[in-house]
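Q: This is the content of run_30.cif (mmCIF, C-alpha atoms):
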```
data_data
loop_
_atom_site.label_atom_id
_atom_site.label_comp_id
_atom_site.auth_asym_id
_atom_site.auth_seq_id
_atom_site.Cartn_x
_atom_site.Cartn_y
_atom_site.Cartn_z
CA MET C 62 2.34 12.93 29.90
CA SER C 63 4.54 13.37 26.85
CA ALA C 64 6.30 10.03 27.47
CA ARG C 65 2.90 8.35 27.70
CA LEU C 66 1.83 9.91 24.39
CA ASP C 67 5.11 8.72 22.83
CA GLN C 68 4.13 5.15 23.70
CA GLN C 69 0.49 5.49 22.69
CA PHE C 70 1.38 6.93 19.28
CA ALA C 71 4.17 4.36 18.76
CA PHE C 72 1.50 1.66 19.12
CA LEU C 73 -1.07 3.46 16.93
CA LEU C 74 1.46 4.05 14.14
CA GLU C 75 2.61 0.41 14.31
CA ALA C 76 -1.05 -0.64 14.04
CA GLU C 77 -1.28 1.16 10.67
CA LYS C 78 0.67 -1.77 9.19
CA LEU C 79 -2.37 -4.06 9.58
CA LYS C 80 -3.82 -2.26 6.54
CA THR C 81 -1.31 -3.98 4.27
CA VAL C 82 -1.86 -7.49 5.63
CA TYR C 83 -4.10 -9.02 2.96
CA ARG C 84 -6.59 -11.85 3.46
CA ALA C 85 -7.97 -14.66 1.29
CA THR C 86 -11.32 -12.89 0.87
CA SER C 87 -11.91 -10.08 -1.63
CA VAL C 88 -13.76 -6.83 -0.99
CA HIS C 89 -17.37 -6.60 -2.23
CA ASP C 90 -16.59 -5.51 -5.82
CA LEU C 91 -13.65 -7.97 -6.18
CA SER C 92 -11.30 -5.04 -6.96
CA ARG C 93 -8.69 -6.26 -4.44
CA GLN C 94 -8.19 -8.55 -1.44
CA GLU C 95 -9.57 -7.46 1.89
CA ASN C 96 -7.01 -6.38 4.48
CA SER C 97 -7.05 -7.19 8.16
CA GLY C 98 -7.56 -3.56 9.23
CA GLU C 99 -10.82 -3.08 7.37
CA HIS C 100 -11.84 -6.66 8.28
CA SER C 101 -11.46 -5.63 11.94
CA TRP C 102 -13.71 -2.62 11.33
CA SER C 103 -16.35 -4.90 9.79
CA LEU C 104 -16.25 -7.17 12.80
CA ALA C 105 -16.62 -4.34 15.30
CA LEU C 106 -19.64 -3.20 13.29
CA TYR C 107 -21.03 -6.75 13.34
CA ALA C 108 -20.66 -6.76 17.12
CA LEU C 109 -22.54 -3.47 17.33
CA VAL C 110 -25.38 -4.72 15.14
CA MET C 111 -25.66 -8.34 16.33
CA ALA C 112 -25.49 -7.84 20.10
CA ASP C 113 -29.16 -8.78 20.57
CA HIS C 114 -28.42 -12.31 19.29
CA ALA C 115 -25.73 -12.91 21.93
CA THR C 116 -26.44 -14.85 25.13
CA PRO C 117 -26.97 -12.71 28.27
CA GLU C 118 -23.48 -13.63 29.58
CA VAL C 119 -21.79 -11.84 26.66
CA ASP C 120 -20.27 -8.40 27.28
CA PRO C 121 -20.88 -6.75 23.87
CA ILE C 122 -18.53 -3.83 24.52
CA ARG C 123 -15.67 -6.14 25.44
CA ALA C 124 -16.44 -8.06 22.24
CA ILE C 125 -15.99 -4.86 20.23
CA LYS C 126 -12.62 -4.25 21.90
CA MET C 127 -11.58 -7.86 21.18
CA LEU C 128 -12.47 -7.54 17.52
CA LEU C 129 -10.64 -4.23 17.14
CA LEU C 130 -7.48 -5.82 18.58
CA HIS C 131 -7.65 -9.48 17.61
CA ASP C 132 -5.75 -9.38 14.30
CA LEU C 133 -2.90 -7.01 15.23
CA VAL C 134 -0.55 -9.98 15.65
CA GLU C 135 -0.84 -10.51 11.89
CA ILE C 136 1.47 -7.51 11.41
CA ASP C 137 4.26 -9.97 12.28
CA VAL C 138 2.70 -13.31 11.35
CA GLY C 139 0.44 -12.54 8.38
CA ASP C 140 -3.05 -13.86 7.83
CA VAL C 141 -3.43 -17.64 7.77
CA PRO C 142 -6.43 -18.44 5.56
CA ILE C 143 -8.88 -20.81 7.21
CA HIS C 144 -9.12 -23.06 4.14
CA SER C 145 -5.38 -23.12 3.30
CA GLN C 146 -3.43 -26.43 3.49
CA GLY C 147 -6.70 -28.34 3.68
CA GLY C 148 -7.65 -26.38 6.78
CA ALA C 149 -4.52 -27.55 8.65
CA ALA C 150 -2.46 -24.33 8.72
CA HIS C 151 -4.87 -22.39 10.92
CA GLY C 152 -4.10 -23.17 14.55
CA ALA C 153 -0.76 -24.89 13.90
CA PRO C 154 1.50 -24.75 17.01
CA GLU C 155 4.29 -22.74 15.32
CA ILE C 156 1.78 -20.13 14.17
CA ILE C 157 0.23 -19.86 17.62
CA ALA C 158 3.70 -19.39 19.14
CA ALA C 159 4.54 -16.68 16.61
CA GLU C 160 1.25 -14.90 17.35
CA HIS C 161 1.99 -14.90 21.08
CA ALA C 162 5.43 -13.39 20.43
CA ALA C 163 3.82 -10.77 18.19
CA ALA C 164 1.32 -9.86 20.92
CA GLU C 165 4.25 -9.37 23.33
CA ARG C 166 6.02 -7.07 20.90
CA ILE C 167 3.06 -5.02 19.64
CA PHE C 168 1.13 -4.54 22.90
CA GLY C 169 4.53 -4.00 24.55
CA LEU C 170 4.77 -0.66 22.74
CA LEU C 171 1.99 0.70 24.98
CA PRO C 172 2.10 2.13 28.50
CA ARG C 173 1.94 -0.69 31.07
CA ASP C 174 -1.78 -0.33 31.97
CA LEU C 175 -2.96 -0.46 28.36
CA ARG C 176 -0.46 -3.19 27.49
CA ASP C 177 -1.83 -5.40 30.28
CA GLU C 178 -5.47 -4.64 29.41
CA PHE C 179 -5.05 -5.35 25.68
CA HIS C 180 -2.98 -8.44 26.33
CA ALA C 181 -5.73 -9.82 28.58
CA ILE C 182 -8.41 -9.08 25.98
CA TRP C 183 -6.35 -10.71 23.21
CA HIS C 184 -5.61 -13.83 25.29
CA GLU C 185 -9.28 -14.16 26.21
CA PHE C 186 -10.21 -14.03 22.51
CA GLU C 187 -7.57 -16.58 21.53
CA ALA C 188 -8.57 -19.00 24.29
CA ALA C 189 -12.22 -18.85 23.09
CA GLU C 190 -13.59 -20.09 26.40
CA THR C 191 -15.63 -17.19 27.81
CA PRO C 192 -19.08 -16.40 26.37
CA THR C 193 -17.76 -13.05 25.10
CA ALA C 194 -14.83 -14.64 23.27
CA ILE C 195 -17.04 -17.38 21.81
CA TYR C 196 -19.42 -14.70 20.51
CA ALA C 197 -16.56 -12.61 19.08
CA LYS C 198 -15.10 -15.71 17.35
CA SER C 199 -18.52 -16.40 15.81
CA LEU C 200 -18.52 -12.96 14.23
CA ASP C 201 -14.92 -13.38 13.03
CA ARG C 202 -15.96 -16.59 11.25
CA VAL C 203 -19.25 -15.44 9.78
CA GLN C 204 -18.18 -12.18 8.09
CA PRO C 205 -15.86 -13.83 5.49
CA VAL C 206 -18.66 -16.30 4.63
CA LEU C 207 -20.99 -13.44 3.77
CA LEU C 208 -18.24 -11.61 1.91
CA ASN C 209 -17.55 -14.74 -0.18
CA LYS C 210 -21.28 -15.05 -0.86
CA LEU C 211 -21.43 -11.37 -1.88
CA GLY C 212 -18.46 -11.80 -4.22
CA GLY C 213 -19.75 -14.95 -5.89
CA GLY C 214 -17.56 -17.57 -4.22
CA GLY C 215 -14.12 -16.05 -3.65
CA SER C 216 -11.84 -18.16 -1.45
CA TRP C 217 -14.26 -21.13 -1.65
CA ASP C 218 -13.29 -21.45 -5.30
CA ASP C 219 -9.64 -20.62 -4.71
CA TYR C 220 -9.36 -23.50 -2.22
CA ASP C 221 -12.00 -25.79 -3.84
CA VAL C 222 -14.00 -25.96 -0.62
CA THR C 223 -17.08 -28.16 -0.08
CA PHE C 224 -20.11 -27.25 1.99
CA ALA C 225 -19.16 -29.95 4.53
CA GLN C 226 -15.76 -28.26 4.96
CA VAL C 227 -17.39 -24.87 5.52
CA GLU C 228 -19.63 -26.46 8.14
CA GLU C 229 -16.66 -28.09 9.84
CA ARG C 230 -14.17 -25.21 9.71
CA VAL C 231 -16.55 -22.28 10.00
CA GLY C 232 -20.14 -23.28 10.72
CA ASN C 233 -19.46 -25.09 13.98
CA LYS C 234 -17.63 -22.04 15.36
CA VAL C 235 -20.34 -19.63 14.25
CA ALA C 236 -23.05 -21.87 15.67
CA ARG C 237 -21.23 -22.11 19.00
CA GLY C 238 -21.81 -18.42 19.69
CA LEU C 239 -24.74 -17.60 17.39
CA PRO C 240 -26.70 -20.77 16.52
CA HIS C 241 -29.66 -19.23 14.71
CA VAL C 242 -27.39 -16.82 12.83
CA TRP C 243 -25.61 -19.85 11.38
CA ASP C 244 -28.99 -21.35 10.41
CA TRP C 245 -29.80 -18.12 8.56
CA VAL C 246 -26.44 -18.06 6.76
CA LYS C 247 -26.47 -21.77 5.94
CA ALA C 248 -29.80 -21.49 4.14
CA ARG C 249 -28.35 -18.71 1.97
CA ILE C 250 -25.00 -20.27 1.04
CA HIS C 251 -25.95 -23.94 0.61
CA PRO C 252 -27.44 -23.39 -2.89
CA TRP C 253 -24.08 -22.01 -4.08
CA PHE C 254 -22.33 -25.27 -3.13
CA GLU C 255 -25.13 -27.46 -4.45
CA ALA C 256 -24.99 -25.73 -7.84
CA ARG C 257 -21.31 -26.67 -8.06
CA GLY C 258 -21.76 -30.29 -6.96
CA ARG C 259 -19.97 -29.53 -3.68
CA GLY C 260 -23.12 -29.36 -1.53
CA MET U 248 -36.18 -13.35 14.16
CA SER U 249 -35.37 -14.19 10.56
CA ALA U 250 -36.85 -10.89 9.31
CA ARG U 251 -34.68 -9.05 11.83
CA LEU U 252 -31.58 -10.89 10.61
CA ASP U 253 -32.52 -10.02 7.02
CA GLN U 254 -32.39 -6.34 7.96
CA GLN U 255 -29.22 -6.61 10.05
CA PHE U 256 -27.34 -8.40 7.28
CA ALA U 257 -28.69 -6.04 4.60
CA PHE U 258 -27.05 -3.20 6.56
CA LEU U 259 -23.80 -5.09 7.20
CA LEU U 260 -23.43 -6.07 3.54
CA GLU U 261 -24.16 -2.48 2.44
CA ALA U 262 -21.48 -1.31 4.88
CA GLU U 263 -18.88 -3.44 3.01
CA LYS U 264 -18.94 -0.76 0.30
CA LEU U 265 -17.11 1.69 2.59
CA LYS U 266 -13.96 -0.33 1.86
CA THR U 267 -13.86 1.05 -1.68
CA VAL U 268 -14.36 4.70 -0.71
CA TYR U 269 -10.81 6.07 -0.96
CA ARG U 270 -9.39 9.03 0.95
CA ALA U 271 -6.73 11.65 0.26
CA THR U 272 -4.27 10.02 2.67
CA SER U 273 -2.14 7.00 1.74
CA VAL U 274 -1.52 3.92 3.86
CA HIS U 275 1.77 3.72 5.78
CA ASP U 276 3.89 2.25 2.93
CA LEU U 277 2.32 4.52 0.26
CA SER U 278 1.21 1.44 -1.71
CA ARG U 279 -2.34 2.78 -2.12
CA GLN U 280 -4.81 5.33 -0.75
CA GLU U 281 -6.45 4.64 2.57
CA ASN U 282 -10.13 3.70 2.46
CA SER U 283 -12.82 4.88 4.85
CA GLY U 284 -13.45 1.40 6.30
CA GLU U 285 -9.90 0.89 7.54
CA HIS U 286 -9.75 4.58 8.55
CA SER U 287 -12.78 3.91 10.79
CA TRP U 288 -10.97 0.96 12.35
CA SER U 289 -7.95 3.18 13.08
CA LEU U 290 -10.16 5.74 14.76
CA ALA U 291 -11.92 3.20 16.97
CA LEU U 292 -8.45 2.00 18.00
CA TYR U 293 -7.41 5.60 18.72
CA ALA U 294 -10.49 5.97 20.95
CA LEU U 295 -9.53 2.79 22.80
CA VAL U 296 -5.95 3.95 23.36
CA MET U 297 -6.49 7.68 23.99
CA ALA U 298 -9.44 7.57 26.40
CA ASP U 299 -7.32 8.72 29.35
CA HIS U 300 -6.69 12.05 27.60
CA ALA U 301 -10.41 12.81 27.28
CA THR U 302 -12.24 15.08 29.70
CA PRO U 303 -14.34 13.31 32.39
CA GLU U 304 -17.58 14.19 30.55
CA VAL U 305 -16.60 12.04 27.55
CA ASP U 306 -18.23 8.60 27.18
CA PRO U 307 -15.36 6.66 25.57
CA ILE U 308 -17.54 3.70 24.54
CA ARG U 309 -20.02 5.95 22.76
CA ALA U 310 -17.04 7.58 21.04
CA ILE U 311 -15.98 4.17 19.70
CA LYS U 312 -19.49 3.59 18.34
CA MET U 313 -19.48 7.06 16.73
CA LEU U 314 -16.18 6.41 15.01
CA LEU U 315 -17.26 3.00 13.73
CA LEU U 316 -20.36 4.57 12.16
CA HIS U 317 -19.35 8.12 11.28
CA ASP U 318 -18.15 7.60 7.70
CA LEU U 319 -20.85 5.22 6.42
CA VAL U 320 -22.58 8.11 4.64
CA GLU U 321 -19.54 8.27 2.34
CA ILE U 322 -20.87 5.15 0.59
CA ASP U 323 -23.25 7.56 -1.17
CA VAL U 324 -21.37 10.86 -0.94
CA GLY U 325 -17.68 9.89 -1.13
CA ASP U 326 -14.89 11.31 0.98
CA VAL U 327 -14.43 15.07 0.85
CA PRO U 328 -10.75 15.80 1.55
CA ILE U 329 -10.24 18.42 4.24
CA HIS U 330 -7.67 20.36 2.17
CA SER U 331 -9.54 20.20 -1.18
CA GLN U 332 -10.81 23.43 -2.83
CA GLY U 333 -8.67 25.47 -0.46
CA GLY U 334 -10.45 23.89 2.51
CA ALA U 335 -13.88 25.08 1.28
CA ALA U 336 -15.45 21.79 0.11
CA HIS U 337 -15.57 20.20 3.53
CA GLY U 338 -18.77 21.27 5.27
CA ALA U 339 -20.44 22.79 2.17
CA PRO U 340 -24.26 22.85 2.55
CA GLU U 341 -24.95 20.58 -0.44
CA ILE U 342 -22.55 17.96 0.92
CA ILE U 343 -24.11 18.11 4.37
CA ALA U 344 -27.58 17.64 2.84
CA ALA U 345 -26.37 14.65 0.81
CA GLU U 346 -24.83 13.11 3.92
CA HIS U 347 -28.09 13.43 5.83
CA ALA U 348 -29.97 11.73 2.99
CA ALA U 349 -27.35 8.96 2.97
CA ALA U 350 -27.77 8.44 6.71
CA GLU U 351 -31.53 8.06 6.19
CA ARG U 352 -31.01 5.46 3.49
CA ILE U 353 -28.21 3.42 5.07
CA PHE U 354 -29.36 3.37 8.71
CA GLY U 355 -32.87 2.83 7.31
CA LEU U 356 -31.84 -0.68 6.27
CA LEU U 357 -31.71 -1.67 9.95
CA PRO U 358 -34.49 -2.73 12.33
CA ARG U 359 -36.15 0.32 13.87
CA ASP U 360 -34.38 0.20 17.27
CA LEU U 361 -30.89 0.04 15.75
CA ARG U 362 -31.79 2.56 13.06
CA ASP U 363 -32.86 5.09 15.69
CA GLU U 364 -29.84 4.41 17.89
CA PHE U 365 -27.29 4.72 15.07
CA HIS U 366 -29.00 7.77 13.65
CA ALA U 367 -28.81 9.50 17.03
CA ILE U 368 -25.13 8.60 17.39
CA TRP U 369 -24.34 9.86 13.87
CA HIS U 370 -26.24 13.14 14.38
CA GLU U 371 -24.47 13.73 17.69
CA PHE U 372 -21.11 13.25 15.95
CA GLU U 373 -22.00 15.57 13.09
CA ALA U 374 -23.28 18.32 15.41
CA ALA U 375 -19.98 18.22 17.36
CA GLU U 376 -21.49 19.83 20.44
CA THR U 377 -21.32 17.18 23.18
CA PRO U 378 -17.99 16.41 24.88
CA THR U 379 -18.06 12.90 23.40
CA ALA U 380 -18.58 14.15 19.84
CA ILE U 381 -15.89 16.82 20.26
CA TYR U 382 -13.47 14.15 21.46
CA ALA U 383 -14.39 11.80 18.58
CA LYS U 384 -13.93 14.64 16.05
CA SER U 385 -10.47 15.34 17.52
CA LEU U 386 -9.45 11.75 16.83
CA ASP U 387 -10.92 11.88 13.31
CA ARG U 388 -8.77 14.94 12.59
CA VAL U 389 -5.53 13.81 14.20
CA GLN U 390 -5.14 10.35 12.60
CA PRO U 391 -4.65 11.63 9.00
CA VAL U 392 -2.04 14.12 10.28
CA LEU U 393 0.01 11.29 11.73
CA LEU U 394 -0.49 9.16 8.64
CA ASN U 395 0.74 12.04 6.45
CA LYS U 396 3.75 12.44 8.75
CA LEU U 397 4.45 8.69 8.55
CA GLY U 398 4.24 8.77 4.75
CA GLY U 399 6.51 11.80 4.30
CA GLY U 400 3.89 14.46 3.53
CA GLY U 401 1.12 12.86 1.47
CA SER U 402 -1.92 15.08 1.01
CA TRP U 403 -0.03 18.11 2.38
CA ASP U 404 2.07 18.01 -0.75
CA ASP U 405 -0.86 17.08 -3.02
CA TYR U 406 -2.75 20.20 -1.88
CA ASP U 407 0.30 22.41 -1.21
CA VAL U 408 -0.75 23.00 2.38
CA THR U 409 0.97 25.38 4.81
CA PHE U 410 1.40 24.82 8.53
CA ALA U 411 -1.00 27.73 9.21
CA GLN U 412 -3.66 25.93 7.14
CA VAL U 413 -3.15 22.69 9.06
CA GLU U 414 -3.54 24.63 12.30
CA GLU U 415 -6.73 26.29 11.04
CA ARG U 416 -8.41 23.29 9.38
CA VAL U 417 -7.19 20.53 11.64
CA GLY U 418 -5.29 21.74 14.69
CA ASN U 419 -8.09 23.84 16.15
CA LYS U 420 -10.46 20.88 16.00
CA VAL U 421 -7.95 18.47 17.51
CA ALA U 422 -7.11 20.97 20.26
CA ARG U 423 -10.78 21.45 21.08
CA GLY U 424 -11.09 17.86 22.33
CA LEU U 425 -7.48 16.97 23.07
CA PRO U 426 -5.37 20.11 23.65
CA HIS U 427 -2.12 18.53 24.82
CA VAL U 428 -2.34 15.85 22.13
CA TRP U 429 -2.28 18.64 19.54
CA ASP U 430 0.74 20.19 21.28
CA TRP U 431 2.50 16.82 21.01
CA VAL U 432 1.62 16.43 17.31
CA LYS U 433 2.45 20.04 16.42
CA ALA U 434 5.98 19.75 17.75
CA ARG U 435 6.49 16.69 15.52
CA ILE U 436 5.04 18.01 12.25
CA HIS U 437 6.16 21.65 12.32
CA PRO U 438 9.74 20.85 11.17
CA TRP U 439 8.34 19.19 8.01
CA PHE U 440 6.61 22.45 7.00
CA GLU U 441 9.58 24.62 8.03
CA ALA U 442 11.92 22.55 5.87
CA ARG U 443 9.68 23.31 2.86
CA GLY U 444 9.33 27.04 3.54
CA ARG U 445 5.68 26.56 4.47
CA GLY U 446 6.18 26.75 8.25
#
```
Represent the supplied structure as structure tokens.
A:
Amino acid sequence: MSARLDQQFAFLLEAEKLKTVYRATSVHDLSRQENSGEHSWSLALYALVMADHATPEVDPIRAIKMLLLHDLVEIDVGDVPIHSQGGAAHGAPEIIAAEHAAAERIFGLLPRDLRDEFHAIWHEFEAAETPTAIYAKSLDRVQPVLLNKLGGGGSWDDYDVTFAQVEERVGNKVARGLPHVWDWVKARIHPWFEARGRG
Amino acid sequence: MSARLDQQFAFLLEAEKLKTVYRATSVHDLSRQENSGEHSWSLALYALVMADHATPEVDPIRAIKMLLLHDLVEIDVGDVPIHSQGGAAHGAPEIIAAEHAAAERIFGLLPRDLRDEFHAIWHEFEAAETPTAIYAKSLDRVQPVLLNKLGGGGSWDDYDVTFAQVEERVGNKVARGLPHVWDWVKARIHPWFEARGRG
């Protein structure tokens, strides 16, 4: 029992480090950048609130678990902003390889049963093929959009993003899991881009 | 559908404010104080990892929901550190009343079904009578202890806390839901207090 607790707490204390991995988006009052720990909390809350918009094939509880775990690899790899390097950095092969190595290391701190369970959940999210993973990815993409909107532009200005780029890099992924949610969001952010001649 | 999304997003955007409610504990590298949003993420992760130590009556999924929601009232009331005012501030009647009013306001942003569900979950947590709420409270109490340990003392030094006070204010509540987890933690923090003549 004590050896099992050693492993469980080793993982939980390692996970604390996600709170100092900072993202491109700012928190609501622009006082600092958002970190990946609190971002993960937001997403789990989104999954709790938005479950009625998911297709019947989605397992909303598994989605919550995915979103709690999905960014832990950033402890080793850092956050790769979706709009950085013209949208090319996100999903680059060397980053994907580093994230897989990080998952091995971080989930490897846990007892075998939890390690295998979390690994499977993380891989399912990354592959984005099951209805649950597609839904979870939609939430992961939509929250920063709303946070940017709340903060008056944020990383859209930092990376000089156009509305077409948001549609391509973000909107398509949101719409894949939550089509009418993307319609709702689109109607509320499009004016921001139009006002800046990037609509 | 659109009116429902208006309400869901009004709640989710309000919830963003929890990220600027700061706590007495510091993050792992002491670079800043922990906020209640990322603290809630930690606790949901604890619930995911520690479920096998719960009694059979505990619903571990409901515990995750509780821990995602439990601190939202701090958007209006702020965090009340457990060791502040000699341990007397936490649980004072005026703070409890303010938290109930905050729950009305914040969960009231949601559509009726979600409002009622979240309200019930929050009240169950606050009452700390069901096995699930007792378990969730144990996790809420144990995480700051480990974070203080990780950071070399933290709020124990700020409030000049003795080991007997930690046992009284924290340990008893952790032990209520997770007795052998508290034994594990106690063995690891007691030397810190002994070394300072507060053991």
Q: Nearest to Val324 in chain U among U:His300, U:Lys384, U:Lys312, U:Lys264, with distances taken over all atoms listed in the file: which residue is it?
A: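 Of U:His300, U:Lys384, U:Lys312, U:Lys264, the one nearest Val324 in chain U, counting all atoms listed in the file, is U:Lys264.
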Q: Give me the result of the PyMOL selection byres ((chain C) within 7 of (chain U)) on this file, residue by residue, as a ChimeraX atom specification.
A: /C:69,73,77-78,80,89,98-99,101-102,106-107,110,129
Q: Report as a short mmCIF file (atom, residue, chain, number, x, y, z; two decimals) with C-alpha atoms, in the coordinates of the input all protein, DNA and RNA residues lying within 12 Å of Pro303 in chain U, evaluated on only C-alpha atoms, omitting residues in the same chain fewer than 4 positions from it.
A:
```cif
data_model
loop_
_atom_site.label_atom_id
_atom_site.label_comp_id
_atom_site.auth_asym_id
_atom_site.auth_seq_id
_atom_site.Cartn_x
_atom_site.Cartn_y
_atom_site.Cartn_z
CA ALA U 298 -9.44 7.57 26.40
CA ASP U 299 -7.32 8.72 29.35
CA PRO U 307 -15.36 6.66 25.57
CA PRO U 378 -17.99 16.41 24.88
CA THR U 379 -18.06 12.90 23.40
CA TYR U 382 -13.47 14.15 21.46
CA GLY U 424 -11.09 17.86 22.33
#
```
Q: Neighbours of Phe254 in chain C within 9 Å (only C-alpha atoms; same-chain residues fewer than 5 positions away dropped), as a PyMOL selection string?
A: chain C and resi 222-224+259-260
Q: Could you please determine the separation between CA of Leu356 in chain U and CA of Ile322 in chain U in Å, to one decimal place?
A: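 These atoms are spaced 13.7 Å apart.
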Q: Enter the distance from CA of Asp323 in chain U to CA of His347 in chain U, in Å, rounded to one decimal.
A: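 Value for the CA of Asp323 in chain U-CA of His347 in chain U distance: 10.3 Å.
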Q: Could you tell me how far CA of Val421 in chain U lies from CA of Arg388 in chain U, in Å and to one decimal?
A: 6.1 Å
Q: Find the spatial neighbours of Ala194 in chain C, counting only C-alpha atoms, within a cut-off of 10 Å - ignore same-chain residues fewer than 5 positions away - and output them as a PDB file with C-alpha atoms, in the frame of the given file.
A:
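Result written to result-v1.pdb:
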```
ATOM      1  CA  VAL C 119     -21.790 -11.840  26.660  1.00  0.00           C
ATOM      2  CA  ASP C 120     -20.270  -8.400  27.280  1.00  0.00           C
ATOM      3  CA  PRO C 121     -20.880  -6.750  23.870  1.00  0.00           C
ATOM      4  CA  ARG C 123     -15.670  -6.140  25.440  1.00  0.00           C
ATOM      5  CA  ALA C 124     -16.440  -8.060  22.240  1.00  0.00           C
ATOM      6  CA  MET C 127     -11.580  -7.860  21.180  1.00  0.00           C
ATOM      7  CA  LEU C 128     -12.470  -7.540  17.520  1.00  0.00           C
ATOM      8  CA  ILE C 182      -8.410  -9.080  25.980  1.00  0.00           C
ATOM      9  CA  TRP C 183      -6.350 -10.710  23.210  1.00  0.00           C
ATOM     10  CA  HIS C 184      -5.610 -13.830  25.290  1.00  0.00           C
ATOM     11  CA  GLU C 185      -9.280 -14.160  26.210  1.00  0.00           C
ATOM     12  CA  PHE C 186     -10.210 -14.030  22.510  1.00  0.00           C
ATOM     13  CA  GLU C 187      -7.570 -16.580  21.530  1.00  0.00           C
ATOM     14  CA  ALA C 188      -8.570 -19.000  24.290  1.00  0.00           C
ATOM     15  CA  ALA C 189     -12.220 -18.850  23.090  1.00  0.00           C
ATOM     16  CA  SER C 199     -18.520 -16.400  15.810  1.00  0.00           C
ATOM     17  CA  LEU C 200     -18.520 -12.960  14.230  1.00  0.00           C
ATOM     18  CA  GLY C 238     -21.810 -18.420  19.690  1.00  0.00           C
TER      19      GLY C 238
END
```
Q: Each side padded by 3 Å, which centre and which edge lengths in Å (one decimal) define the axis-aligned box around the listed atoms of range 182-201 of chain C? Give them as JSON.
A:
```
{"center_x": -12.5, "center_y": -14.6, "center_z": 20.4, "size_x": 19.8, "size_y": 17.0, "size_z": 20.8}
```
Q: Determine, counting all atoms listed in the file, which protein, DNA and RNA residues have an atom within 7 Å of an atom of range 142-153 of chain C; residues of the same chain fewer than 4 positions away are not included. Present the result as a count of residues only.
A: 4
Q: Please produce range 185-200 of chain C, completed to N, CA and C atoms, as a PDB file, in the coordinates of the input.
A:
```pdb
ATOM      1  N   GLU C 185      -7.912 -13.641  26.007  1.00  0.00           N
ATOM      2  CA  GLU C 185      -9.280 -14.160  26.210  1.00  0.00           C
ATOM      3  C   GLU C 185      -9.896 -14.547  24.861  1.00  0.00           C
ATOM      4  N   PHE C 186      -9.689 -13.716  23.845  1.00  0.00           N
ATOM      5  CA  PHE C 186     -10.210 -14.030  22.510  1.00  0.00           C
ATOM      6  C   PHE C 186      -9.575 -15.309  21.974  1.00  0.00           C
ATOM      7  N   GLU C 187      -8.275 -15.414  22.066  1.00  0.00           N
ATOM      8  CA  GLU C 187      -7.570 -16.580  21.530  1.00  0.00           C
ATOM      9  C   GLU C 187      -8.002 -17.876  22.212  1.00  0.00           C
ATOM     10  N   ALA C 188      -8.196 -17.803  23.524  1.00  0.00           N
ATOM     11  CA  ALA C 188      -8.570 -19.000  24.290  1.00  0.00           C
ATOM     12  C   ALA C 188      -9.999 -19.462  23.932  1.00  0.00           C
ATOM     13  N   ALA C 189     -10.848 -18.523  23.543  1.00  0.00           N
ATOM     14  CA  ALA C 189     -12.220 -18.850  23.090  1.00  0.00           C
ATOM     15  C   ALA C 189     -12.982 -19.700  24.103  1.00  0.00           C
ATOM     16  N   GLU C 190     -12.896 -19.320  25.353  1.00  0.00           N
ATOM     17  CA  GLU C 190     -13.590 -20.090  26.400  1.00  0.00           C
ATOM     18  C   GLU C 190     -14.721 -19.307  27.043  1.00  0.00           C
ATOM     19  N   THR C 191     -14.570 -17.990  27.167  1.00  0.00           N
ATOM     20  CA  THR C 191     -15.630 -17.190  27.810  1.00  0.00           C
ATOM     21  C   THR C 191     -16.757 -16.943  26.803  1.00  0.00           C
ATOM     22  N   PRO C 192     -17.985 -16.698  27.300  1.00  0.00           N
ATOM     23  CA  PRO C 192     -19.080 -16.400  26.370  1.00  0.00           C
ATOM     24  C   PRO C 192     -18.766 -15.231  25.434  1.00  0.00           C
ATOM     25  N   THR C 193     -18.088 -14.203  25.936  1.00  0.00           N
ATOM     26  CA  THR C 193     -17.760 -13.050  25.100  1.00  0.00           C
ATOM     27  C   THR C 193     -16.797 -13.428  23.972  1.00  0.00           C
ATOM     28  N   ALA C 194     -15.790 -14.223  24.296  1.00  0.00           N
ATOM     29  CA  ALA C 194     -14.830 -14.640  23.270  1.00  0.00           C
ATOM     30  C   ALA C 194     -15.474 -15.574  22.254  1.00  0.00           C
ATOM     31  N   ILE C 195     -16.344 -16.454  22.721  1.00  0.00           N
ATOM     32  CA  ILE C 195     -17.040 -17.380  21.810  1.00  0.00           C
ATOM     33  C   ILE C 195     -17.918 -16.587  20.841  1.00  0.00           C
ATOM     34  N   TYR C 196     -18.584 -15.578  21.354  1.00  0.00           N
ATOM     35  CA  TYR C 196     -19.420 -14.700  20.510  1.00  0.00           C
ATOM     36  C   TYR C 196     -18.543 -13.937  19.505  1.00  0.00           C
ATOM     37  N   ALA C 197     -17.443 -13.374  19.966  1.00  0.00           N
ATOM     38  CA  ALA C 197     -16.560 -12.610  19.080  1.00  0.00           C
ATOM     39  C   ALA C 197     -15.985 -13.519  17.977  1.00  0.00           C
ATOM     40  N   LYS C 198     -15.616 -14.742  18.352  1.00  0.00           N
ATOM     41  CA  LYS C 198     -15.100 -15.710  17.350  1.00  0.00           C
ATOM     42  C   LYS C 198     -16.171 -16.037  16.315  1.00  0.00           C
ATOM     43  N   SER C 199     -17.430 -16.129  16.756  1.00  0.00           N
ATOM     44  CA  SER C 199     -18.520 -16.400  15.810  1.00  0.00           C
ATOM     45  C   SER C 199     -18.597 -15.317  14.745  1.00  0.00           C
ATOM     46  N   LEU C 200     -18.467 -14.075  15.174  1.00  0.00           N
ATOM     47  CA  LEU C 200     -18.520 -12.960  14.230  1.00  0.00           C
ATOM     48  C   LEU C 200     -17.320 -12.986  13.285  1.00  0.00           C
TER      49      LEU C 200
END
```
